[in-house]
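Everything on this sheet refers to the single structure shown next.
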Amino acid sequence: MNALLLCLALGCSGDAVVEGPWRVASSSESFCAQRIDQPRQNPVTYEGVLVAINANGVLYQSQGQWMFLSENGVKELPSPREEALFSRMGSLNGPVFHTQTNMVFFRSEGWVSVPLEVFVEYRPPGQVPGSHYGLNIIYPQVLQQLNGEWWIYQTKSGILSSYDKAGKLLQKLDFGKDRRAIRWGSRIGWLGAPGESKISLAEASNPNEWISNLTINDLNKHSLSIKMAQGCWVFTFPSGIRDGLKSWDSGTLPIHAHYLTESNAALAVTRFSLGNLPLNFNLTTSSSGSPRLEVEPEFHVVPVAGTEAVVILTQTKQFILQPEKGLREVKMNGFQFNWAGFVREGADLGGYDNQGKWHICLKDGF
Amino acid sequence: MFFLVTLLLFNEKFELPGKARPVMVAGDPQMRWILRQGEGTMPVWWCITGNAAYPVELPLATRVAAPLPNGRGLLLVEAETCQVLSLDPSGKARLGEKIKLPVKPSPKQPRIDGIFKKSGSRFFLPIFFNNQVLFIEWKETAEVAALLELPTPTSPQPQIQGEQAFRVPNLVGDREGLVWSHGGKALVWNPTHPEKIQVLNPPTLKNMEQAAAFLIEDHLFWLVFGGQRGDLDSFGWKLFDKSYQAVYEGKGILTRFGLVRDQGPPRLMIWTVSQKIRSQLWAAMSGNRTFEGKILLWSEGRWRWHETLEIKMGKGKGESAFEILWDVDVNGDGLNDVVAFDDKNNMRLYPCSSTFSHQKTHLSLNREPEEVLRYQGALFLATSRANGWIVEKVKMP
């Protein structure tokens, strides 16, 4: 009964951050970048301070000069007027960064600034040793459409705005708070809408009208999702009280993976059982002063660059999950793998350890 | 035990126009600095001087703003410089001369408003820049006390797209130095040896245990709390000394803890709720919880049991949160008191007398405070009005 009686918060949330093709390690004055899809290439050190890590490149400043590192090499850029905040914007392409109030992106004519509705939470210094204070900044979700349009959705206010590629406001509508958007080609996917356990698709031009939706057991807007080039992975687990109690005793929960695809505007799903995976428990104090039990997954889901497959890492076991072949255990010889770095090389699966060294994990079987 | 109903006295009161909540207070009655936050917006500093309240506009490049220990302005820290902002009598902000800081460039972070930390009779502002920490000392002017490399960078970790936390450690300490947590370890900086940071490893932890470190007279202690997953009965706390010997322990689920440093001997406050299943069931059904405060007293170079305070709290209404404070002195005797707010608009006061016996006093408030603020032992209660906020400093008769 134990877990029930504490305030039980069972959930895992968010999009896995896909870093794009670059694995980046930084110090204060330089950073080291490595193309993860070119495993035989050594990491290259660049002098400069990181500004943003995006889906297809790294934006940085070297002795005042703005640079963008992409697969085409390093390009010099003019200095923007705004002051950038360091950010990871793993789902956005091209030179783009955040300021405290705007999103600034580069077009051939120069930097274009689009206002972002940013939600700030401030926690003042407290009286408890070992605690932290500061800000939590909730940026809106930014979806970059194939035609160059930007869709910006702030879950806190429910406002969805769209901008054309020159940064001109196209439309702004009150869409409802607390939703989760997924970029889906020229469309928008919504997790947990129009109801819990639903996933739906809408045309970008008419985001309020579902053109297709699908029911997935245990899905909600907090479910872990990873959008791949073609389909989308969504991970679910039972979140009832009884399941919570079982997981408190065993430290694991049965996890399901769902691979979603779309054809002719209709969603289809393939379901995989991943068996029981480990969870991490934290006992914290809620704002009312009562103990609160928080549960997070203690496994990582890492996309394999350039494929539709993902790797699932736990402390002791590793698996590869492919839409067409399902789940297989992979032996990784005890290396601690970097969370960003798996890639297919011919018929092999390889990954990078924490020092950026390349290892083959699966030979001739991908 | 005494039971009294007392009316609260307020000896300082100021009004703030607008809806933004007051979240931090500093300065003195001649010049008060209040940090206010509107719904989801960046916090804004206000200055109260005379009967006027002025919002203060800061340069956009400001990374840290902190009220000066003398209350006469704000110290503003930018990427490579710092300067003092003061107000002229008409409320207009004036910026002082820029002082160059010896830091290396680092990724920009938004402004995090902080507060000077007292160590002995000296005041330090810690500033975290990626993998460096800078201590600025205030002695009528800002002076760089130390710039040190951190063992690992503090740059923002990969986050869910759309949400980023910019947080810095809360430093605790006193004459002996300042301690904070970093990557599961304790870091100690002592102003008398400013050139180095000491890195200390915590004791071995069970899977749901956490550890926090603090210093008393050059003795480092670890408070370890939590237990084994799947077994609530294993939950409790242990106090370890520097050689990882347990010197005190207790049962319960820890909800709050902290050190009291005032004119009296140092005290350690450990607040727990029962770990027993029956108590959890009762709390879940009735909404009533009993918080137990264990107080340890530091004397002659070791910790001694002092006493146990029990505070029974009823079901909260709406969003009102249960608060226990131990860093305020409301009766002005130089010793910090324990103050708790309940759901019945009562402030309960457990004053520490010189013998540390306690009495419980119900202080009826006219209105439930919406924000409870503290600064250097003073307690302020804030309540909202139709067109603003009233902030009042509490004084016991």
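Convention: chains lettered A, B, ... in structure tokens order; per-chain residue numbering from 1; ligands numbered from 1 as shown.
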task: Identify, on the basis of only C-alpha atoms, every residue whose closest approach to Arg374 in chain B does not exceed 8 Å; exclude the query and any residue fewer than 6 positions from it along the same chain; express the result as an MDAnalysis selection string.
output: chainID B and resid 24:25 327:328 380
task: Do a neighbour search on range 138-150 of chain B at 7 Å with only C-alpha atoms, toss out local chain neighbours closer than 6 positions, and write the hits as a list in words.
output: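 Those residues are Phe123, Phe124, Asn131, Gln132, Pro194 and Glu195 of chain B.
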For range 338-343 of chain B: contacts at 6 Å, only C-alpha atoms, fewer than 4 positions along chain excluded, given as a PDB file with N, CA and C atoms, in the first residue's frame:
```pdb
ATOM      1  N   GLY B 316      -5.098  21.566   4.496  1.00  0.00           N
ATOM      2  CA  GLY B 316      -4.936  22.899   3.918  1.00  0.00           C
ATOM      3  C   GLY B 316      -6.130  23.219   3.048  1.00  0.00           C
ATOM      4  N   GLU B 323       3.995  25.927   6.006  1.00  0.00           N
ATOM      5  CA  GLU B 323       5.352  26.458   6.061  1.00  0.00           C
ATOM      6  C   GLU B 323       5.875  26.359   7.488  1.00  0.00           C
ATOM      7  N   ILE B 324       7.132  25.967   7.632  1.00  0.00           N
ATOM      8  CA  ILE B 324       7.804  26.103   8.932  1.00  0.00           C
ATOM      9  C   ILE B 324       9.059  26.929   8.677  1.00  0.00           C
ATOM     10  N   LEU B 325       9.257  27.951   9.461  1.00  0.00           N
ATOM     11  CA  LEU B 325      10.448  28.786   9.320  1.00  0.00           C
ATOM     12  C   LEU B 325      11.258  28.698  10.604  1.00  0.00           C
ATOM     13  N   TRP B 326      12.566  28.741  10.454  1.00  0.00           N
ATOM     14  CA  TRP B 326      13.413  28.752  11.654  1.00  0.00           C
ATOM     15  C   TRP B 326      14.519  29.781  11.526  1.00  0.00           C
ATOM     16  N   MET B 347      -0.730  32.065  12.932  1.00  0.00           N
ATOM     17  CA  MET B 347       0.704  31.915  12.886  1.00  0.00           C
ATOM     18  C   MET B 347       1.093  31.357  14.248  1.00  0.00           C
ATOM     19  N   ARG B 348       1.721  30.210  14.268  1.00  0.00           N
ATOM     20  CA  ARG B 348       2.101  29.633  15.550  1.00  0.00           C
ATOM     21  C   ARG B 348       3.578  29.929  15.791  1.00  0.00           C
ATOM     22  N   LEU B 349       3.841  30.413  16.972  1.00  0.00           N
ATOM     23  CA  LEU B 349       5.198  30.841  17.273  1.00  0.00           C
ATOM     24  C   LEU B 349       5.751  29.992  18.415  1.00  0.00           C
ATOM     25  N   TYR B 350       6.919  29.472  18.229  1.00  0.00           N
ATOM     26  CA  TYR B 350       7.601  28.701  19.270  1.00  0.00           C
ATOM     27  C   TYR B 350       8.899  29.442  19.564  1.00  0.00           C
TER      28      TYR B 350
END
```
message: Counting only C-alpha atoms, which residue out of A:Lys172, A:Arg242, A:Arg292, A:Lys227 sits closest to chain B?
response: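 Closest to chain B of all the choices is A:Arg292.
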message: Let's see if you can do this: from backbone DSSP, list all helix (DSSP H, G or I) residues in range 189-350 of chain A, as a count of residues only.
response: 10
query: Got a sec: who's within 8 Å of range 219-233 of chain B, counting only C-alpha atoms, leaving out chain neighbours fewer than 3 positions off, as an MDAnalysis selection string?
result: (chainID A and resid 2 248:251 281 283) or (chainID B and resid 202:203 205:216 236:242 253:254 275:277)
task: Using only C-alpha atoms, determine which residues lie at most 9 Å from Ser87 in chain A, disregarding the query and same-chain residues fewer than 3 positions distant; provide the list as number ranges by chain.
output: A: 50-54, 84, 97-98; B: 156, 158, 164
Using all heavy atoms, can you write the selected residues to a file as a PDB file, in the first residue's frame?
```pdb
ATOM      1  N   LEU A  50      29.796  28.163 -27.278  1.00  0.00           N
ATOM      2  CA  LEU A  50      28.569  27.621 -27.860  1.00  0.00           C
ATOM      3  C   LEU A  50      27.393  28.563 -27.663  1.00  0.00           C
ATOM      4  O   LEU A  50      27.245  29.155 -26.594  1.00  0.00           O
ATOM      5  CB  LEU A  50      28.214  26.307 -27.180  1.00  0.00           C
ATOM      6  CG  LEU A  50      29.021  25.068 -27.526  1.00  0.00           C
ATOM      7  CD1 LEU A  50      28.489  23.895 -26.721  1.00  0.00           C
ATOM      8  CD2 LEU A  50      28.907  24.784 -29.009  1.00  0.00           C
ATOM      9  N   VAL A  51      26.565  28.664 -28.694  1.00  0.00           N
ATOM     10  CA  VAL A  51      25.327  29.434 -28.551  1.00  0.00           C
ATOM     11  C   VAL A  51      24.131  28.496 -28.597  1.00  0.00           C
ATOM     12  O   VAL A  51      23.247  28.558 -27.746  1.00  0.00           O
ATOM     13  CB  VAL A  51      25.215  30.515 -29.646  1.00  0.00           C
ATOM     14  CG1 VAL A  51      23.865  31.217 -29.563  1.00  0.00           C
ATOM     15  CG2 VAL A  51      26.343  31.522 -29.511  1.00  0.00           C
ATOM     16  N   ALA A  52      24.100  27.613 -29.602  1.00  0.00           N
ATOM     17  CA  ALA A  52      22.963  26.694 -29.703  1.00  0.00           C
ATOM     18  C   ALA A  52      23.388  25.437 -30.444  1.00  0.00           C
ATOM     19  O   ALA A  52      24.213  25.488 -31.353  1.00  0.00           O
ATOM     20  CB  ALA A  52      21.805  27.370 -30.430  1.00  0.00           C
ATOM     21  N   ILE A  53      22.817  24.319 -30.030  1.00  0.00           N
ATOM     22  CA  ILE A  53      23.029  23.054 -30.729  1.00  0.00           C
ATOM     23  C   ILE A  53      21.698  22.705 -31.371  1.00  0.00           C
ATOM     24  O   ILE A  53      20.691  22.554 -30.677  1.00  0.00           O
ATOM     25  CB  ILE A  53      23.481  21.956 -29.753  1.00  0.00           C
ATOM     26  CG1 ILE A  53      24.785  22.380 -29.074  1.00  0.00           C
ATOM     27  CG2 ILE A  53      23.659  20.637 -30.485  1.00  0.00           C
ATOM     28  CD1 ILE A  53      25.215  21.456 -27.962  1.00  0.00           C
ATOM     29  N   ASN A  54      21.692  22.631 -32.699  1.00  0.00           N
ATOM     30  CA  ASN A  54      20.441  22.440 -33.418  1.00  0.00           C
ATOM     31  C   ASN A  54      20.440  21.102 -34.142  1.00  0.00           C
ATOM     32  O   ASN A  54      21.387  20.338 -34.057  1.00  0.00           O
ATOM     33  CB  ASN A  54      20.232  23.595 -34.411  1.00  0.00           C
ATOM     34  CG  ASN A  54      20.212  24.930 -33.697  1.00  0.00           C
ATOM     35  OD1 ASN A  54      19.900  24.981 -32.515  1.00  0.00           O
ATOM     36  ND2 ASN A  54      20.568  25.974 -34.395  1.00  0.00           N
ATOM     37  N   ALA A  84      22.105  36.226 -27.235  1.00  0.00           N
ATOM     38  CA  ALA A  84      21.617  34.841 -27.251  1.00  0.00           C
ATOM     39  C   ALA A  84      21.741  34.186 -25.886  1.00  0.00           C
ATOM     40  O   ALA A  84      22.666  34.456 -25.134  1.00  0.00           O
ATOM     41  CB  ALA A  84      22.418  34.047 -28.273  1.00  0.00           C
ATOM     42  N   PHE A  97      18.564  30.633 -32.649  1.00  0.00           N
ATOM     43  CA  PHE A  97      18.842  30.652 -31.207  1.00  0.00           C
ATOM     44  C   PHE A  97      17.719  31.351 -30.467  1.00  0.00           C
ATOM     45  O   PHE A  97      16.856  31.990 -31.079  1.00  0.00           O
ATOM     46  CB  PHE A  97      20.206  31.312 -30.919  1.00  0.00           C
ATOM     47  CG  PHE A  97      20.299  32.776 -31.279  1.00  0.00           C
ATOM     48  CD1 PHE A  97      19.912  33.753 -30.368  1.00  0.00           C
ATOM     49  CD2 PHE A  97      20.787  33.176 -32.515  1.00  0.00           C
ATOM     50  CE1 PHE A  97      19.997  35.099 -30.682  1.00  0.00           C
ATOM     51  CE2 PHE A  97      20.873  34.526 -32.839  1.00  0.00           C
ATOM     52  CZ  PHE A  97      20.480  35.483 -31.924  1.00  0.00           C
ATOM     53  N   HIS A  98      17.751  31.188 -29.146  1.00  0.00           N
ATOM     54  CA  HIS A  98      16.788  31.853 -28.266  1.00  0.00           C
ATOM     55  C   HIS A  98      17.404  33.092 -27.660  1.00  0.00           C
ATOM     56  O   HIS A  98      18.592  33.094 -27.334  1.00  0.00           O
ATOM     57  CB  HIS A  98      16.462  30.962 -27.062  1.00  0.00           C
ATOM     58  CG  HIS A  98      15.426  29.927 -27.306  1.00  0.00           C
ATOM     59  ND1 HIS A  98      15.411  28.745 -26.630  1.00  0.00           N
ATOM     60  CD2 HIS A  98      14.353  29.906 -28.118  1.00  0.00           C
ATOM     61  CE1 HIS A  98      14.382  28.030 -27.032  1.00  0.00           C
ATOM     62  NE2 HIS A  98      13.727  28.705 -27.935  1.00  0.00           N
TER      63      HIS A  98
ATOM     64  N   PRO B 156      23.827  24.229 -18.730  1.00  0.00           N
ATOM     65  CA  PRO B 156      22.527  23.570 -18.714  1.00  0.00           C
ATOM     66  C   PRO B 156      22.595  22.163 -19.317  1.00  0.00           C
ATOM     67  O   PRO B 156      23.246  21.948 -20.331  1.00  0.00           O
ATOM     68  CB  PRO B 156      21.662  24.483 -19.579  1.00  0.00           C
ATOM     69  CG  PRO B 156      22.348  25.796 -19.571  1.00  0.00           C
ATOM     70  CD  PRO B 156      23.801  25.523 -19.402  1.00  0.00           C
ATOM     71  N   PRO B 158      21.070  18.684 -21.097  1.00  0.00           N
ATOM     72  CA  PRO B 158      20.049  18.475 -22.120  1.00  0.00           C
ATOM     73  C   PRO B 158      18.681  18.389 -21.453  1.00  0.00           C
ATOM     74  O   PRO B 158      18.531  17.693 -20.462  1.00  0.00           O
ATOM     75  CB  PRO B 158      20.422  17.129 -22.733  1.00  0.00           C
ATOM     76  CG  PRO B 158      21.811  16.864 -22.340  1.00  0.00           C
ATOM     77  CD  PRO B 158      22.101  17.652 -21.120  1.00  0.00           C
ATOM     78  N   GLN B 164      13.853  24.888 -19.864  1.00  0.00           N
ATOM     79  CA  GLN B 164      15.236  24.911 -19.404  1.00  0.00           C
ATOM     80  C   GLN B 164      15.301  25.488 -18.008  1.00  0.00           C
ATOM     81  O   GLN B 164      14.708  26.516 -17.732  1.00  0.00           O
ATOM     82  CB  GLN B 164      16.101  25.756 -20.343  1.00  0.00           C
ATOM     83  CG  GLN B 164      16.386  25.026 -21.632  1.00  0.00           C
ATOM     84  CD  GLN B 164      17.586  25.582 -22.372  1.00  0.00           C
ATOM     85  OE1 GLN B 164      18.632  25.800 -21.797  1.00  0.00           O
ATOM     86  NE2 GLN B 164      17.416  25.806 -23.654  1.00  0.00           N
TER      87      GLN B 164
END
```
query: Any idea what's packed within 8 Å of Gly120 in chain B, counting only C-alpha atoms, ignoring anything in its chain fewer than 4 positions away? Could you give it as a ChimeraX atom specification?
result: /B:174-176
message: From a backbone DSSP assignment, name each residue in range 265-296 of chain B labelled strand (DSSP E or B), as a PyMOL selection string.
response: chain B and resi 267-273+289-296
Go ahead and save the picked residues with N, CA, C and O atoms, as a compact mmCIF listing (two decimals), in the first residue's frame.
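That gives us result27.txt:
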```txt
# COMPACT_ATOMS: atom_id res chain seq x y z
N ARG B 267 21.95 25.36 16.07
CA ARG B 267 20.97 24.27 16.20
C ARG B 267 20.73 23.66 14.83
O ARG B 267 20.76 24.36 13.81
N LEU B 268 20.45 22.37 14.83
CA LEU B 268 20.07 21.68 13.61
C LEU B 268 18.61 21.28 13.74
O LEU B 268 18.22 20.68 14.73
N MET B 269 17.79 21.68 12.76
CA MET B 269 16.35 21.38 12.78
C MET B 269 16.08 20.30 11.75
O MET B 269 16.45 20.45 10.58
N ILE B 270 15.45 19.23 12.17
CA ILE B 270 15.13 18.14 11.25
C ILE B 270 13.63 17.87 11.36
O ILE B 270 13.14 17.46 12.42
N TRP B 271 12.90 18.14 10.30
CA TRP B 271 11.43 17.98 10.31
C TRP B 271 11.06 16.72 9.56
O TRP B 271 11.42 16.55 8.40
N THR B 272 10.30 15.86 10.22
CA THR B 272 9.90 14.60 9.59
C THR B 272 8.40 14.37 9.77
O THR B 272 7.77 14.97 10.65
N VAL B 273 7.85 13.48 8.95
CA VAL B 273 6.53 12.90 9.22
C VAL B 273 6.77 11.42 9.42
O VAL B 273 7.78 10.88 8.97
N ARG B 289 -1.83 16.01 9.45
CA ARG B 289 -0.49 15.44 9.53
C ARG B 289 0.22 16.01 10.74
O ARG B 289 0.03 17.17 11.08
N THR B 290 1.05 15.19 11.34
CA THR B 290 1.88 15.67 12.44
C THR B 290 3.31 15.78 11.95
O THR B 290 3.86 14.81 11.44
N PHE B 291 3.86 16.96 12.08
CA PHE B 291 5.26 17.18 11.71
C PHE B 291 6.08 17.19 13.00
O PHE B 291 5.71 17.87 13.96
N GLU B 292 7.15 16.42 12.99
CA GLU B 292 7.98 16.35 14.18
C GLU B 292 9.29 17.05 13.90
O GLU B 292 9.95 16.74 12.91
N GLY B 293 9.63 18.01 14.73
CA GLY B 293 10.89 18.72 14.56
C GLY B 293 11.88 18.29 15.62
O GLY B 293 11.63 18.48 16.82
N LYS B 294 12.97 17.66 15.18
CA LYS B 294 13.99 17.28 16.13
C LYS B 294 15.04 18.37 16.14
O LYS B 294 15.52 18.79 15.08
N ILE B 295 15.38 18.85 17.32
CA ILE B 295 16.35 19.93 17.42
C ILE B 295 17.60 19.42 18.12
O ILE B 295 17.53 18.89 19.24
N LEU B 296 18.72 19.53 17.41
CA LEU B 296 20.01 19.17 18.00
C LEU B 296 20.75 20.47 18.30
O LEU B 296 20.67 21.43 17.53
```
- request: Enter the distance from CA of Ala25 in chain A to CA of Thr45 in chain A, in Å, rounded to one decimal.
  value: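 CA of Ala25 in chain A sits 9.3 Å away from CA of Thr45 in chain A.
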query: Can you list, as JSON, numbers by chain, every protein, DNA or RNA residue that comes within 6 Å of Asn280 in chain A when you count only C-alpha atoms, leaving out same-chain residues fewer than 6 positions away?
result: {"A": [295, 296, 297, 298]}
query: Which residue gives the smallest distance to chain B among A:Gln171, A:Asn264, A:Gln141, A:Thr316, with only C-alpha atoms counted?
result: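 Smallest distance to chain B is found for A:Gln141.
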query: Which residue out of B:Asn336, B:Thr255, B:Ser279, B:Asn346 has the minimum interatomic distance to chain A when only C-alpha atoms are used?
result: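 Distance minimum relative to chain A lands on B:Thr255.
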